[in-house]
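Visitor: My structure is below; once you've seen it, I'll send some questions.
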Amino acid sequence: MRKKARVLVLIFVVLINICCGNKSFDLSSVSLGDDAEKYDFENKDLFLKDAVKTDIIQYYADENKGITYGNIPLDKTMGTRITVYKGKVGAVDTNAAEKYSLEFVEKIVKKHGNPTASITDKATVDAKLVKPIFEKLKKLSPEKVSWNQNEKNSFTYPTSFFWDDGKNYSVLSISIEDDGKIRNKYISVSKDAYRNNAVFGLKYPTPPASPWYKYMN
């Protein structure tokens, strides 16, 4: 009986370790302006911490291990950056894995609704490879997506969406390569964090060269 008891205890310990070692974090659950303590940012298995200043803390997930966005896998090479400003979530910066880029675009557009502004550009592509991407983008933004007549394998599509909900700015960028691969980058930032230059990669006042110069103020 003692041997059985020891075996059961050992199995229990192993199961506990397995459960604790497979923690996951859904980035879509994070809301800007929330108290940072509400989330598990201090979990060292998920995030690296950098106290930039007294009131600015950045959390990194270099390889996005255990982190998803609404069950969508994230890019393992680009990582995720979360900024906490004065104890509040100030910004979220991430990229979906290339394979799930379109699904990610759909989710973000659905979350934010009609964009405040957008930028369109042309891409020269392999028409057959890009057909699924074209059709999905056409459904998301029918007025912005079209094949360019008299330009073989060329189509116009929105390369960036911009949203201003009154309290926050959000930008989703898309890049389509000629082999059919699609890349993306998403950043959402509170106006408070932005205007106090608390977020890496963003500068206030908005540089005149920025496409969002007349929107981010």
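The chains in the structure tokens are called A, B, ... from first to last as shown; in each chain the residues are counted from 1, and the ligands are counted from 1 in the order shown.
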As a PyMOL selection string, please: all residues of chain A that backbone DSSP puts in strand (DSSP E).
Guide: chain A and resi 25-26+48-53+56-61+67-69+72-73+80-85+88-94+117-124+146-147+154-164+168-176+182-190
Visitor: Would you give me, as JSON lines, each residue of region 19-111 of chain A having an atom within 6 Å of an atom of region 177-187 of chain A, along with its shortest atom pair and that distance in Å to one decimal, using only C-alpha atoms and sorting by chain and residue number?
Guide:
```
{"residue": "A:Val92", "atom": "CA", "partner": "A:Ile187", "partner_atom": "CA", "distance": 5.6}
{"residue": "A:Asp93", "atom": "CA", "partner": "A:Ile187", "partner_atom": "CA", "distance": 4.3}
{"residue": "A:Thr94", "atom": "CA", "partner": "A:Tyr186", "partner_atom": "CA", "distance": 5.4}
{"residue": "A:Asn95", "atom": "CA", "partner": "A:Lys185", "partner_atom": "CA", "distance": 4.8}
{"residue": "A:Glu98", "atom": "CA", "partner": "A:Arg183", "partner_atom": "CA", "distance": 5.8}
```
Visitor: May I have the selected residues written with N, CA, C and O atoms, as a PDB file, in the first residue's frame?
Guide:
```
ATOM      1  N   VAL A  92      -0.292  47.631 -26.582  1.00  0.00           N
ATOM      2  CA  VAL A  92      -0.068  46.235 -26.957  1.00  0.00           C
ATOM      3  C   VAL A  92       0.455  46.237 -28.388  1.00  0.00           C
ATOM      4  O   VAL A  92      -0.131  46.859 -29.274  1.00  0.00           O
ATOM      5  N   ASP A  93       1.583  45.560 -28.598  1.00  0.00           N
ATOM      6  CA  ASP A  93       2.238  45.540 -29.908  1.00  0.00           C
ATOM      7  C   ASP A  93       2.556  44.080 -30.242  1.00  0.00           C
ATOM      8  O   ASP A  93       3.303  43.429 -29.520  1.00  0.00           O
ATOM      9  N   THR A  94       1.974  43.554 -31.332  1.00  0.00           N
ATOM     10  CA  THR A  94       2.180  42.137 -31.638  1.00  0.00           C
ATOM     11  C   THR A  94       2.030  41.857 -33.129  1.00  0.00           C
ATOM     12  O   THR A  94       1.676  42.749 -33.919  1.00  0.00           O
ATOM     13  N   ASN A  95       2.281  40.616 -33.512  1.00  0.00           N
ATOM     14  CA  ASN A  95       2.150  40.150 -34.902  1.00  0.00           C
ATOM     15  C   ASN A  95       1.619  38.727 -34.889  1.00  0.00           C
ATOM     16  O   ASN A  95       2.099  37.897 -34.104  1.00  0.00           O
ATOM     17  N   GLU A  98       2.450  34.085 -39.679  1.00  0.00           N
ATOM     18  CA  GLU A  98       2.134  34.326 -41.091  1.00  0.00           C
ATOM     19  C   GLU A  98       0.986  33.456 -41.591  1.00  0.00           C
ATOM     20  O   GLU A  98       0.098  33.919 -42.302  1.00  0.00           O
TER      21      GLU A  98
END
```
Visitor: Residues at most 12 Å from region 61-63 of chain A, counting only C-alpha atoms, excluding those fewer than 5 positions away in the same chain, as a ChimeraX atom specification?
Guide: /A:24-25,27,41-50,68,73-83,92-97
Visitor: Would you save the residues of that selection, restricted to C-alpha atoms, as a PDB file, in the first residue's frame?
Guide:
```pdb
ATOM      1  CA  SER A  24      -1.089  30.195 -21.738  1.00  0.00           C
ATOM      2  CA  PHE A  25      -2.079  33.818 -22.151  1.00  0.00           C
ATOM      3  CA  LEU A  27      -3.612  38.684 -25.571  1.00  0.00           C
ATOM      4  CA  PHE A  41       2.339  40.133 -16.865  1.00  0.00           C
ATOM      5  CA  GLU A  42       4.609  39.274 -13.937  1.00  0.00           C
ATOM      6  CA  ASN A  43       4.582  35.625 -15.010  1.00  0.00           C
ATOM      7  CA  LYS A  44       8.259  35.072 -15.789  1.00  0.00           C
ATOM      8  CA  ASP A  45       7.461  31.987 -17.867  1.00  0.00           C
ATOM      9  CA  LEU A  46       5.669  34.249 -20.352  1.00  0.00           C
ATOM     10  CA  PHE A  47       7.155  37.739 -20.108  1.00  0.00           C
ATOM     11  CA  LEU A  48      10.466  39.460 -19.546  1.00  0.00           C
ATOM     12  CA  LYS A  49      10.189  42.676 -17.552  1.00  0.00           C
ATOM     13  CA  ASP A  50      11.970  45.965 -18.169  1.00  0.00           C
ATOM     14  CA  THR A  68      -2.125  33.708 -28.521  1.00  0.00           C
ATOM     15  CA  PRO A  73      -0.906  31.769 -32.901  1.00  0.00           C
ATOM     16  CA  LEU A  74       1.497  34.708 -32.848  1.00  0.00           C
ATOM     17  CA  ASP A  75       4.750  35.221 -34.746  1.00  0.00           C
ATOM     18  CA  LYS A  76       7.601  33.509 -32.915  1.00  0.00           C
ATOM     19  CA  THR A  77      10.287  35.734 -34.422  1.00  0.00           C
ATOM     20  CA  MET A  78       8.723  39.167 -33.843  1.00  0.00           C
ATOM     21  CA  GLY A  79       7.430  38.717 -30.309  1.00  0.00           C
ATOM     22  CA  THR A  80       4.990  40.828 -28.302  1.00  0.00           C
ATOM     23  CA  ARG A  81       5.511  44.000 -26.312  1.00  0.00           C
ATOM     24  CA  ILE A  82       3.112  45.285 -23.641  1.00  0.00           C
ATOM     25  CA  THR A  83       3.594  48.727 -22.133  1.00  0.00           C
ATOM     26  CA  VAL A  92      -0.068  46.235 -26.957  1.00  0.00           C
ATOM     27  CA  ASP A  93       2.238  45.540 -29.908  1.00  0.00           C
ATOM     28  CA  THR A  94       2.180  42.137 -31.638  1.00  0.00           C
ATOM     29  CA  ASN A  95       2.150  40.150 -34.902  1.00  0.00           C
ATOM     30  CA  ALA A  96       0.193  37.061 -35.859  1.00  0.00           C
ATOM     31  CA  ALA A  97       1.986  34.043 -37.282  1.00  0.00           C
TER      32      ALA A  97
END
```
Visitor: A:Ile72, A:Ile174, A:Val130, A:Leu32: which is nearest Tyr194 (chain A), counting only C-alpha atoms?
Guide: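 Among the listed residues, A:Leu32 lies closest to Tyr194 (chain A).
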Visitor: Where does DSSP see alpha helix (DSSP H) in region 2-149 of chain A, if you list the residues as a ChimeraX atom specification?
Guide: /A:2-21,101-112,127-140
Visitor: Between A:Tyr85, A:Phe134, A:Tyr213, A:Tyr69, which has the minimum distance to Ser154 (chain A) (counting only C-alpha atoms)?
Guide: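 Counting only C-alpha atoms, the residue closest to Ser154 (chain A) is A:Phe134.
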Visitor: Tell me which of A:Gly201, A:Ala91, A:Ser146, A:Pro211 sits closest to Tyr169 (chain A), counting only C-alpha atoms.
Guide: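 Among A:Gly201, A:Ala91, A:Ser146, A:Pro211, it is A:Ala91 that comes nearest to Tyr169 (chain A).
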